[in-house]
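Working notes, structure below.
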Amino acid sequence: MAIDQVHDLQQVYRKILYSMSRPGDISILREQAEQVDYQLPCYDATLLSAMALLDGEVSFHLISEKQQQVGGKISEYTLAKQAPADKADYIIVLQDATELSILQAIYQCKIGDLIDPQNSSTWIIETPKLSNTAELKLMGPGIKNEVKLFTGIYTKAWQARKERINEYPLGIDLIITDAQAHIVCIPRTTTVEITGVE
Amino acid sequence: MKTMTHFAFFDEGSKKEIRRATLKAVAIPGYQVPFASREMPIARGWGTGGLQLTLSLIGKTDIVKVIDQGADESVNAVSIKKLVQQTTNVALTENTEAASLIQSRHRIPEVPLTKEQILVLQVPTPEPLRQVEASEYITKRLHAEDEYSGVWLLLFEQIMKYGKTATGADHPVYVNGRYVMAPSPIPRFDNQKLHYSEALILLGAGREKKIYAVPPYTDVNSLAFEDYPFTVESFADHTCYLCGADDVFLDELIDETSGKSYYQCNDTSYCVDRLNSLKEKEAAPTHA
Ligand SMILES: [Zn+2]
């Protein structure tokens with residue numbers, strides 16, 4: 001079986017939309033992940049998210065040690081072109097990305113401007129395991145009171161994100177994927193507080 | 001004859017473009033995200049913005065409800081349902097609770113929506129500052145600068161003239177303390193349903209090519225002054241003549257023979273549901 005470009009990707013989109021509307025609420029793409037028959041060194045949820053959102057109209061920047069191998073394939077599957085971090089509509093960060101390369105891209109990437117805040121980059125970023133345990137406390141639109149989230153993403157990256165969302169509505173929106181086909185989203189409106197692991 | 005081959009009318013590229021705009025709209029609550037509105041096989045001004053959102057969202061397992069001014073059977077609602085069903089073959093419902101996707105014009109259903117549902121509102125005029133400023137170039141800058149004195153002045157002038165804000169429907173709201181947003185021509189009675197809604201609410205304007213959103217659990221406040229607080233339509237002591245509801249938006253009807261007015265739920269499926277459950281209660285055996 002292969003990914004159904006119409007129905008599987010519609011389901012993936014709805015789950016991303018659900019999680020983007022409810023920051024910290026983890027969605028599972030397991031059924032769709034089972035259809036993935038590409039042999040790529042990235043998580044199924046990463047590939048599915050990219051396939052659901054990217055096409056020839058947008059560009060992406062890949063941060064990975066396997067940049068050449070994976071970047072070319074994502075380009076081939078989605079028709080999206082690769083671009084430097086400061087131009088890309090999507091920043092895709094694989095699990096092997098170094099802290100420095102992530103930080104550089106956070107400071108370089110598009111955050112929109114006051115006239116067109118939507119001209120900002122959306123991040124698809126991998127982490128081994130997501131769960132609703134402490135490390136981060138999220139608050140903001142889409143969250144009833146507050147929600148706990150564990151991502152394992154570098155602390156410095158959260159600090160850098162905070163600087164880039166400081167001038168709301170400017171900012172970046174995150175789709176975080178894990179190895180078990182989970183996704184969670186953190187739009188620019190979410191306040192992320194680092195509470196430390198329980 | 002061109003045959004329809006795409007699920008949900010659109011090719012995947014068109015859907016992706018609408019989907020990307022929708023995610024940005026959710027990330028920037030109340031901000032109008034531009035999108036490449038498509039020509040639709042229904043007349044413009046008949047909900048093409050809402051319809052494009054619905055078609056970008058819909059999947060095989062969705063259950064869809066379409067309402068127009070509270071009614072499921074209006075010409076507009078029926079033509080939208082027909083197009084949705086012909087291109088997707090999904091199940092349709094009039095029951096608000098059974099629907100996963102609800103497209104509506106001019107009302108938010110009376111039954112509280114849930115996190116499993118998405119409400120799509122059709123928008124004729126997405127720009128809340130249009131009465132103040134005709135130029136799109138300038139309104140975009142006013143939003144950018146958080147410069148809303150014009151719309152406040154407009155409300156103030158209405159109070160001076162009429163003793164109250166004269167916005168019948170589409171009373172502007174502040175979303176997440178940042179953007180002033182047109183909630184679409186819903187009655188003021190429905191504005192409160194936008195605040196801290198359980199369901200995601202998406203708004204689409206086809207002619208003006210804008211998508212915007214109110215995520216769940218988001219602050220939505222109707223613009224008002226401290227001396228002139230926001231008020232909703234009042235139905236005083238009136239109740240629905242069919243089901244007896246007294247806490248919903250009522251339509252005033254005139255009895256042709258007596259000339260007297262009487263009231264009825266505007267949300268017809270809500271009214272029918274109440275009538276059915278009242279009947280069940282009556283039919284249930286009673287024990288002494
Ligand atoms: Zn009634």
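Residue names in the structure tokens use chain letters A, B, ... in the order shown, residue numbers from 1 in each chain, and ligand numbers from 1 in the order shown.
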Would you give me, as number ranges by chain, the residues of chain A that come within 8 Å of chain B, using only C-alpha atoms? A: 5-7, 10-11, 13-14, 17, 20-22, 52-55, 114-115, 118, 140-144, 169, 173, 187-189
So which residues are near ligand 1, meaning at most 8 Å away with only C-alpha atoms and all ligand atoms counted, given back as a PyMOL selection string? chain B and resi 239-245+264-268+270-272+274-275
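Rounded to one decimal, CA of Asn132 in chain A and CA of Leu149 in chain A lie 4.4 Å from each other.
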Would you mind writing down, as a PDB file with N, CA, C and O atoms, in the first residue's frame, each residue of range 20-157 of chain B that DSSP on the backbone assigns to helix (DSSP H, G or I)?
ATOM      1  N   ARG B  20      -3.128  25.478   3.932  1.00  0.00           N
ATOM      2  CA  ARG B  20      -2.014  26.261   4.492  1.00  0.00           C
ATOM      3  C   ARG B  20      -2.520  27.582   5.054  1.00  0.00           C
ATOM      4  O   ARG B  20      -2.111  28.007   6.141  1.00  0.00           O
ATOM      5  N   ALA B  21      -3.435  28.233   4.315  1.00  0.00           N
ATOM      6  CA  ALA B  21      -3.990  29.512   4.793  1.00  0.00           C
ATOM      7  C   ALA B  21      -4.778  29.297   6.085  1.00  0.00           C
ATOM      8  O   ALA B  21      -4.719  30.109   7.005  1.00  0.00           O
ATOM      9  N   THR B  22      -5.498  28.181   6.172  1.00  0.00           N
ATOM     10  CA  THR B  22      -6.311  27.897   7.357  1.00  0.00           C
ATOM     11  C   THR B  22      -5.430  27.708   8.595  1.00  0.00           C
ATOM     12  O   THR B  22      -5.742  28.224   9.670  1.00  0.00           O
ATOM     13  N   LEU B  23      -4.327  26.989   8.435  1.00  0.00           N
ATOM     14  CA  LEU B  23      -3.430  26.783   9.585  1.00  0.00           C
ATOM     15  C   LEU B  23      -2.837  28.117  10.060  1.00  0.00           C
ATOM     16  O   LEU B  23      -2.709  28.355  11.262  1.00  0.00           O
ATOM     17  N   LYS B  24      -2.518  29.004   9.112  1.00  0.00           N
ATOM     18  CA  LYS B  24      -2.021  30.328   9.497  1.00  0.00           C
ATOM     19  C   LYS B  24      -3.118  31.103  10.219  1.00  0.00           C
ATOM     20  O   LYS B  24      -2.855  31.805  11.200  1.00  0.00           O
ATOM     21  N   ALA B  25      -4.344  30.960   9.733  1.00  0.00           N
ATOM     22  CA  ALA B  25      -5.467  31.666  10.372  1.00  0.00           C
ATOM     23  C   ALA B  25      -5.642  31.209  11.820  1.00  0.00           C
ATOM     24  O   ALA B  25      -5.898  32.014  12.711  1.00  0.00           O
ATOM     25  N   VAL B  26      -5.469  29.918  12.060  1.00  0.00           N
ATOM     26  CA  VAL B  26      -5.595  29.382  13.421  1.00  0.00           C
ATOM     27  C   VAL B  26      -4.454  29.915  14.302  1.00  0.00           C
ATOM     28  O   VAL B  26      -4.648  30.220  15.473  1.00  0.00           O
ATOM     29  N   ALA B  27      -3.274  30.054  13.702  1.00  0.00           N
ATOM     30  CA  ALA B  27      -2.103  30.507  14.460  1.00  0.00           C
ATOM     31  C   ALA B  27      -2.139  32.005  14.753  1.00  0.00           C
ATOM     32  O   ALA B  27      -1.424  32.474  15.635  1.00  0.00           O
ATOM     33  N   THR B  48     -19.462  31.002  -1.078  1.00  0.00           N
ATOM     34  CA  THR B  48     -18.357  30.291  -1.726  1.00  0.00           C
ATOM     35  C   THR B  48     -17.128  30.217  -0.807  1.00  0.00           C
ATOM     36  O   THR B  48     -16.367  29.269  -0.876  1.00  0.00           O
ATOM     37  N   GLY B  49     -16.954  31.215   0.060  1.00  0.00           N
ATOM     38  CA  GLY B  49     -15.822  31.169   1.002  1.00  0.00           C
ATOM     39  C   GLY B  49     -15.980  30.031   1.982  1.00  0.00           C
ATOM     40  O   GLY B  49     -15.047  29.261   2.228  1.00  0.00           O
ATOM     41  N   GLY B  50     -17.173  29.915   2.540  1.00  0.00           N
ATOM     42  CA  GLY B  50     -17.453  28.820   3.466  1.00  0.00           C
ATOM     43  C   GLY B  50     -17.353  27.476   2.767  1.00  0.00           C
ATOM     44  O   GLY B  50     -16.775  26.516   3.299  1.00  0.00           O
ATOM     45  N   LEU B  51     -17.886  27.422   1.563  1.00  0.00           N
ATOM     46  CA  LEU B  51     -17.867  26.166   0.810  1.00  0.00           C
ATOM     47  C   LEU B  51     -16.440  25.717   0.512  1.00  0.00           C
ATOM     48  O   LEU B  51     -16.112  24.527   0.619  1.00  0.00           O
ATOM     49  N   GLN B  52     -15.572  26.657   0.159  1.00  0.00           N
ATOM     50  CA  GLN B  52     -14.179  26.279  -0.124  1.00  0.00           C
ATOM     51  C   GLN B  52     -13.500  25.727   1.124  1.00  0.00           C
ATOM     52  O   GLN B  52     -12.728  24.774   1.045  1.00  0.00           O
ATOM     53  N   LEU B  53     -13.800  26.332   2.272  1.00  0.00           N
ATOM     54  CA  LEU B  53     -13.263  25.796   3.527  1.00  0.00           C
ATOM     55  C   LEU B  53     -13.782  24.380   3.762  1.00  0.00           C
ATOM     56  O   LEU B  53     -13.015  23.464   4.055  1.00  0.00           O
ATOM     57  N   THR B  54     -15.094  24.216   3.618  1.00  0.00           N
ATOM     58  CA  THR B  54     -15.693  22.900   3.851  1.00  0.00           C
ATOM     59  C   THR B  54     -15.050  21.847   2.952  1.00  0.00           C
ATOM     60  O   THR B  54     -14.686  20.757   3.411  1.00  0.00           O
ATOM     61  N   LEU B  55     -14.866  22.176   1.671  1.00  0.00           N
ATOM     62  CA  LEU B  55     -14.304  21.195   0.732  1.00  0.00           C
ATOM     63  C   LEU B  55     -12.825  20.900   1.021  1.00  0.00           C
ATOM     64  O   LEU B  55     -12.339  19.809   0.741  1.00  0.00           O
ATOM     65  N   SER B  56     -12.127  21.869   1.590  1.00  0.00           N
ATOM     66  CA  SER B  56     -10.718  21.631   1.933  1.00  0.00           C
ATOM     67  C   SER B  56     -10.585  20.761   3.183  1.00  0.00           C
ATOM     68  O   SER B  56      -9.565  20.133   3.411  1.00  0.00           O
ATOM     69  N   LEU B  57     -11.642  20.749   3.998  1.00  0.00           N
ATOM     70  CA  LEU B  57     -11.616  20.014   5.258  1.00  0.00           C
ATOM     71  C   LEU B  57     -12.134  18.591   5.126  1.00  0.00           C
ATOM     72  O   LEU B  57     -11.664  17.681   5.809  1.00  0.00           O
ATOM     73  N   VAL B  75     -32.865  27.379   0.180  1.00  0.00           N
ATOM     74  CA  VAL B  75     -32.321  27.130  -1.162  1.00  0.00           C
ATOM     75  C   VAL B  75     -30.789  27.128  -1.121  1.00  0.00           C
ATOM     76  O   VAL B  75     -30.136  26.270  -1.700  1.00  0.00           O
ATOM     77  N   ASN B  76     -30.243  28.089  -0.410  1.00  0.00           N
ATOM     78  CA  ASN B  76     -28.783  28.218  -0.325  1.00  0.00           C
ATOM     79  C   ASN B  76     -28.164  26.986   0.335  1.00  0.00           C
ATOM     80  O   ASN B  76     -27.212  26.390  -0.174  1.00  0.00           O
ATOM     81  N   ALA B  77     -28.715  26.593   1.473  1.00  0.00           N
ATOM     82  CA  ALA B  77     -28.184  25.435   2.190  1.00  0.00           C
ATOM     83  C   ALA B  77     -28.305  24.178   1.332  1.00  0.00           C
ATOM     84  O   ALA B  77     -27.383  23.360   1.275  1.00  0.00           O
ATOM     85  N   VAL B  78     -29.428  24.049   0.644  1.00  0.00           N
ATOM     86  CA  VAL B  78     -29.657  22.845  -0.165  1.00  0.00           C
ATOM     87  C   VAL B  78     -28.675  22.781  -1.332  1.00  0.00           C
ATOM     88  O   VAL B  78     -28.108  21.726  -1.619  1.00  0.00           O
ATOM     89  N   SER B  79     -28.401  23.915  -1.971  1.00  0.00           N
ATOM     90  CA  SER B  79     -27.491  23.861  -3.120  1.00  0.00           C
ATOM     91  C   SER B  79     -26.055  23.565  -2.668  1.00  0.00           C
ATOM     92  O   SER B  79     -25.315  22.877  -3.366  1.00  0.00           O
ATOM     93  N   ILE B  80     -25.684  24.059  -1.501  1.00  0.00           N
ATOM     94  CA  ILE B  80     -24.344  23.742  -0.968  1.00  0.00           C
ATOM     95  C   ILE B  80     -24.262  22.256  -0.614  1.00  0.00           C
ATOM     96  O   ILE B  80     -23.303  21.565  -0.961  1.00  0.00           O
ATOM     97  N   LYS B  81     -25.310  21.759   0.050  1.00  0.00           N
ATOM     98  CA  LYS B  81     -25.312  20.333   0.423  1.00  0.00           C
ATOM     99  C   LYS B  81     -25.229  19.441  -0.809  1.00  0.00           C
ATOM    100  O   LYS B  81     -24.528  18.425  -0.803  1.00  0.00           O
ATOM    101  N   LYS B  82     -25.930  19.845  -1.857  1.00  0.00           N
ATOM    102  CA  LYS B  82     -25.947  19.049  -3.089  1.00  0.00           C
ATOM    103  C   LYS B  82     -24.533  18.943  -3.665  1.00  0.00           C
ATOM    104  O   LYS B  82     -24.070  17.865  -4.002  1.00  0.00           O
ATOM    105  N   LEU B  83     -23.847  20.069  -3.736  1.00  0.00           N
ATOM    106  CA  LEU B  83     -22.494  20.062  -4.298  1.00  0.00           C
ATOM    107  C   LEU B  83     -21.545  19.238  -3.421  1.00  0.00           C
ATOM    108  O   LEU B  83     -20.744  18.446  -3.923  1.00  0.00           O
ATOM    109  N   VAL B  84     -21.667  19.400  -2.111  1.00  0.00           N
ATOM    110  CA  VAL B  84     -20.807  18.655  -1.198  1.00  0.00           C
ATOM    111  C   VAL B  84     -21.062  17.163  -1.365  1.00  0.00           C
ATOM    112  O   VAL B  84     -20.134  16.359  -1.488  1.00  0.00           O
ATOM    113  N   GLN B  85     -22.333  16.800  -1.419  1.00  0.00           N
ATOM    114  CA  GLN B  85     -22.624  15.375  -1.494  1.00  0.00           C
ATOM    115  C   GLN B  85     -22.263  14.756  -2.841  1.00  0.00           C
ATOM    116  O   GLN B  85     -21.731  13.654  -2.897  1.00  0.00           O
ATOM    117  N   GLN B  86     -22.546  15.488  -3.917  1.00  0.00           N
ATOM    118  CA  GLN B  86     -22.225  14.955  -5.248  1.00  0.00           C
ATOM    119  C   GLN B  86     -20.725  14.709  -5.417  1.00  0.00           C
ATOM    120  O   GLN B  86     -20.318  13.819  -6.148  1.00  0.00           O
ATOM    121  N   THR B  87     -19.909  15.522  -4.756  1.00  0.00           N
ATOM    122  CA  THR B  87     -18.465  15.395  -4.968  1.00  0.00           C
ATOM    123  C   THR B  87     -17.753  14.576  -3.891  1.00  0.00           C
ATOM    124  O   THR B  87     -16.552  14.323  -4.005  1.00  0.00           O
ATOM    125  N   THR B  88     -18.482  14.206  -2.825  1.00  0.00           N
ATOM    126  CA  THR B  88     -17.816  13.458  -1.753  1.00  0.00           C
ATOM    127  C   THR B  88     -18.583  12.216  -1.318  1.00  0.00           C
ATOM    128  O   THR B  88     -18.001  11.301  -0.742  1.00  0.00           O
ATOM    129  N   THR B  96     -27.603  18.760  14.780  1.00  0.00           N
ATOM    130  CA  THR B  96     -26.355  19.472  15.089  1.00  0.00           C
ATOM    131  C   THR B  96     -25.352  18.575  15.807  1.00  0.00           C
ATOM    132  O   THR B  96     -24.167  18.566  15.487  1.00  0.00           O
ATOM    133  N   GLU B  97     -25.847  17.798  16.784  1.00  0.00           N
ATOM    134  CA  GLU B  97     -24.937  16.955  17.566  1.00  0.00           C
ATOM    135  C   GLU B  97     -24.276  15.863  16.728  1.00  0.00           C
ATOM    136  O   GLU B  97     -23.171  15.430  17.039  1.00  0.00           O
ATOM    137  N   ALA B  98     -24.940  15.420  15.670  1.00  0.00           N
ATOM    138  CA  ALA B  98     -24.414  14.315  14.860  1.00  0.00           C
ATOM    139  C   ALA B  98     -23.377  14.791  13.842  1.00  0.00           C
ATOM    140  O   ALA B  98     -22.634  13.984  13.282  1.00  0.00           O
ATOM    141  N   GLU B 136      -8.403  48.774   0.965  1.00  0.00           N
ATOM    142  CA  GLU B 136      -7.844  47.551   1.551  1.00  0.00           C
ATOM    143  C   GLU B 136      -6.395  47.789   1.982  1.00  0.00           C
ATOM    144  O   GLU B 136      -5.948  47.297   3.021  1.00  0.00           O
ATOM    145  N   TYR B 137      -5.682  48.563   1.179  1.00  0.00           N
ATOM    146  CA  TYR B 137      -4.289  48.896   1.494  1.00  0.00           C
ATOM    147  C   TYR B 137      -4.216  49.531   2.886  1.00  0.00           C
ATOM    148  O   TYR B 137      -3.361  49.180   3.698  1.00  0.00           O
ATOM    149  N   ILE B 138      -5.148  50.454   3.149  1.00  0.00           N
ATOM    150  CA  ILE B 138      -5.110  51.149   4.441  1.00  0.00           C
ATOM    151  C   ILE B 138      -5.638  50.275   5.577  1.00  0.00           C
ATOM    152  O   ILE B 138      -5.057  50.242   6.659  1.00  0.00           O
ATOM    153  N   THR B 139      -6.715  49.534   5.343  1.00  0.00           N
ATOM    154  CA  THR B 139      -7.238  48.697   6.442  1.00  0.00           C
ATOM    155  C   THR B 139      -6.185  47.681   6.886  1.00  0.00           C
ATOM    156  O   THR B 139      -6.054  47.396   8.070  1.00  0.00           O
ATOM    157  N   LYS B 140      -5.432  47.145   5.939  1.00  0.00           N
ATOM    158  CA  LYS B 140      -4.371  46.200   6.324  1.00  0.00           C
ATOM    159  C   LYS B 140      -3.352  46.885   7.241  1.00  0.00           C
ATOM    160  O   LYS B 140      -2.860  46.291   8.199  1.00  0.00           O
ATOM    161  N   ARG B 141      -3.071  48.143   6.953  1.00  0.00           N
ATOM    162  CA  ARG B 141      -2.125  48.889   7.795  1.00  0.00           C
ATOM    163  C   ARG B 141      -2.720  49.226   9.164  1.00  0.00           C
ATOM    164  O   ARG B 141      -2.017  49.231  10.176  1.00  0.00           O
ATOM    165  N   LEU B 142      -4.009  49.523   9.188  1.00  0.00           N
ATOM    166  CA  LEU B 142      -4.651  49.811  10.470  1.00  0.00           C
ATOM    167  C   LEU B 142      -4.594  48.578  11.376  1.00  0.00           C
ATOM    168  O   LEU B 142      -4.285  48.679  12.561  1.00  0.00           O
ATOM    169  N   HIS B 143      -4.872  47.399  10.793  1.00  0.00           N
ATOM    170  CA  HIS B 143      -4.759  46.166  11.583  1.00  0.00           C
ATOM    171  C   HIS B 143      -3.319  45.959  12.054  1.00  0.00           C
ATOM    172  O   HIS B 143      -3.071  45.561  13.183  1.00  0.00           O
ATOM    173  N   ALA B 144      -2.374  46.230  11.149  1.00  0.00           N
ATOM    174  CA  ALA B 144      -0.959  46.027  11.474  1.00  0.00           C
ATOM    175  C   ALA B 144      -0.553  46.891  12.661  1.00  0.00           C
ATOM    176  O   ALA B 144       0.187  46.452  13.536  1.00  0.00           O
ATOM    177  N   SER B 149      -9.110  53.073  16.360  1.00  0.00           N
ATOM    178  CA  SER B 149      -9.924  54.185  16.855  1.00  0.00           C
ATOM    179  C   SER B 149     -11.114  54.467  15.936  1.00  0.00           C
ATOM    180  O   SER B 149     -12.161  54.894  16.399  1.00  0.00           O
ATOM    181  N   GLY B 150     -10.963  54.208  14.636  1.00  0.00           N
ATOM    182  CA  GLY B 150     -12.053  54.453  13.689  1.00  0.00           C
ATOM    183  C   GLY B 150     -13.290  53.645  14.000  1.00  0.00           C
ATOM    184  O   GLY B 150     -14.412  54.158  13.982  1.00  0.00           O
ATOM    185  N   VAL B 151     -13.091  52.377  14.313  1.00  0.00           N
ATOM    186  CA  VAL B 151     -14.250  51.516  14.563  1.00  0.00           C
ATOM    187  C   VAL B 151     -14.879  51.861  15.924  1.00  0.00           C
ATOM    188  O   VAL B 151     -16.094  51.818  16.083  1.00  0.00           O
ATOM    189  N   TRP B 152     -14.051  52.276  16.878  1.00  0.00           N
ATOM    190  CA  TRP B 152     -14.590  52.735  18.168  1.00  0.00           C
ATOM    191  C   TRP B 152     -15.419  54.004  17.970  1.00  0.00           C
ATOM    192  O   TRP B 152     -16.497  54.145  18.544  1.00  0.00           O
ATOM    193  N   LEU B 153     -14.911  54.898  17.139  1.00  0.00           N
ATOM    194  CA  LEU B 153     -15.610  56.153  16.879  1.00  0.00           C
ATOM    195  C   LEU B 153     -16.967  55.878  16.232  1.00  0.00           C
ATOM    196  O   LEU B 153     -17.980  56.496  16.567  1.00  0.00           O
ATOM    197  N   LEU B 154     -16.978  54.915  15.328  1.00  0.00           N
ATOM    198  CA  LEU B 154     -18.223  54.551  14.650  1.00  0.00           C
ATOM    199  C   LEU B 154     -19.271  54.080  15.661  1.00  0.00           C
ATOM    200  O   LEU B 154     -20.432  54.486  15.604  1.00  0.00           O
ATOM    201  N   LEU B 155     -18.839  53.235  16.595  1.00  0.00           N
ATOM    202  CA  LEU B 155     -19.761  52.741  17.622  1.00  0.00           C
ATOM    203  C   LEU B 155     -20.225  53.901  18.517  1.00  0.00           C
ATOM    204  O   LEU B 155     -21.392  53.994  18.886  1.00  0.00           O
ATOM    205  N   PHE B 156     -19.292  54.787  18.819  1.00  0.00           N
ATOM    206  CA  PHE B 156     -19.609  55.941  19.666  1.00  0.00           C
ATOM    207  C   PHE B 156     -20.656  56.832  18.992  1.00  0.00           C
ATOM    208  O   PHE B 156     -21.623  57.271  19.606  1.00  0.00           O
ATOM    209  N   GLU B 157     -20.485  57.051  17.700  1.00  0.00           N
ATOM    210  CA  GLU B 157     -21.442  57.881  16.962  1.00  0.00           C
ATOM    211  C   GLU B 157     -22.833  57.260  16.955  1.00  0.00           C
ATOM    212  O   GLU B 157     -23.841  57.953  17.061  1.00  0.00           O
TER     213      GLU B 157
END
Test item: residues at most 12 Å from Cys185 in chain A, only C-alpha atoms, excluding those fewer than 5 positions along its chain, as a ChimeraX atom specification: /A:15-27,49,122-126,130,138,142-143,149,151,172-178,190,192 /B:23,26-27
Mind giving me the straight-line distance from CA of Gln108 in chain A to CA of Ala85 in chain A in Å, one decimal? 6.2 Å
Separation of CA of Thr125 in chain B and CA of Ser121 in chain A, in Å? 28.3 Å
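The list of residues with at least one atom within 6 Å of Glu135 in chain A, based on only C-alpha atoms and without residues fewer than 4 positions apart in the same chain, reads A:Phe150, A:Ile194, A:Thr195, A:Gly196, A:Val197.
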Generate the output file for the selected residues, N, CA and C atoms, as an mmCIF file, in the first residue's frame.
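Contents of out11.cif, as written:
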data_model
loop_
_atom_site.group_PDB
_atom_site.id
_atom_site.type_symbol
_atom_site.label_atom_id
_atom_site.label_comp_id
_atom_site.auth_asym_id
_atom_site.auth_seq_id
_atom_site.Cartn_x
_atom_site.Cartn_y
_atom_site.Cartn_z
ATOM 1 N N PHE A 150 6.060 17.237 27.045
ATOM 2 C CA PHE A 150 7.463 16.872 26.987
ATOM 3 C C PHE A 150 7.851 16.707 25.527
ATOM 4 N N ILE A 194 9.385 26.839 30.529
ATOM 5 C CA ILE A 194 10.202 25.654 30.792
ATOM 6 C C ILE A 194 10.149 25.363 32.287
ATOM 7 N N THR A 195 9.520 24.246 32.627
ATOM 8 C CA THR A 195 9.353 23.922 34.043
ATOM 9 C C THR A 195 10.345 22.860 34.492
ATOM 10 N N GLY A 196 10.948 22.161 33.528
ATOM 11 C CA GLY A 196 11.886 21.077 33.865
ATOM 12 C C GLY A 196 11.152 19.753 33.977
ATOM 13 N N VAL A 197 11.892 18.683 33.827
ATOM 14 C CA VAL A 197 11.316 17.345 33.845
ATOM 15 C C VAL A 197 10.898 16.983 35.263
#
If we count only C-alpha atoms and set the cut-off at 9 Å, which residues sit around Ala179 in chain A, ignoring sequence neighbours fewer than 4 positions away in its own chain? Please answer as a PyMOL selection string. chain A and resi 42-45+126-130
Please give the complete set of residues from chain A that DSSP, run on the backbone, assigns to strand (DSSP E), formatted as a ChimeraX atom specification. /A:27-28,59-63,81-82,90-93,122-126,131-139,147-150,173-177,182-186,191-194
Env of Phe225 in chain B: 10 Å cut, atoms = only C-alpha atoms, seq-sep filter 2 positions within chain, self excluded. Answer as a list in words.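 Final neighbour list, sorted by chain and number: Trp152, Leu155, Phe156, Ile159, Thr165, Ser222, Leu223, Asp227, Tyr228, Pro229 and Phe230 of chain B.
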What's the 7 Å shell around Ile63 in chain A, counting only C-alpha atoms, without same-chain residues fewer than 4 positions away, as a VMD selection string? chain A and resid 67 92 to 94 97
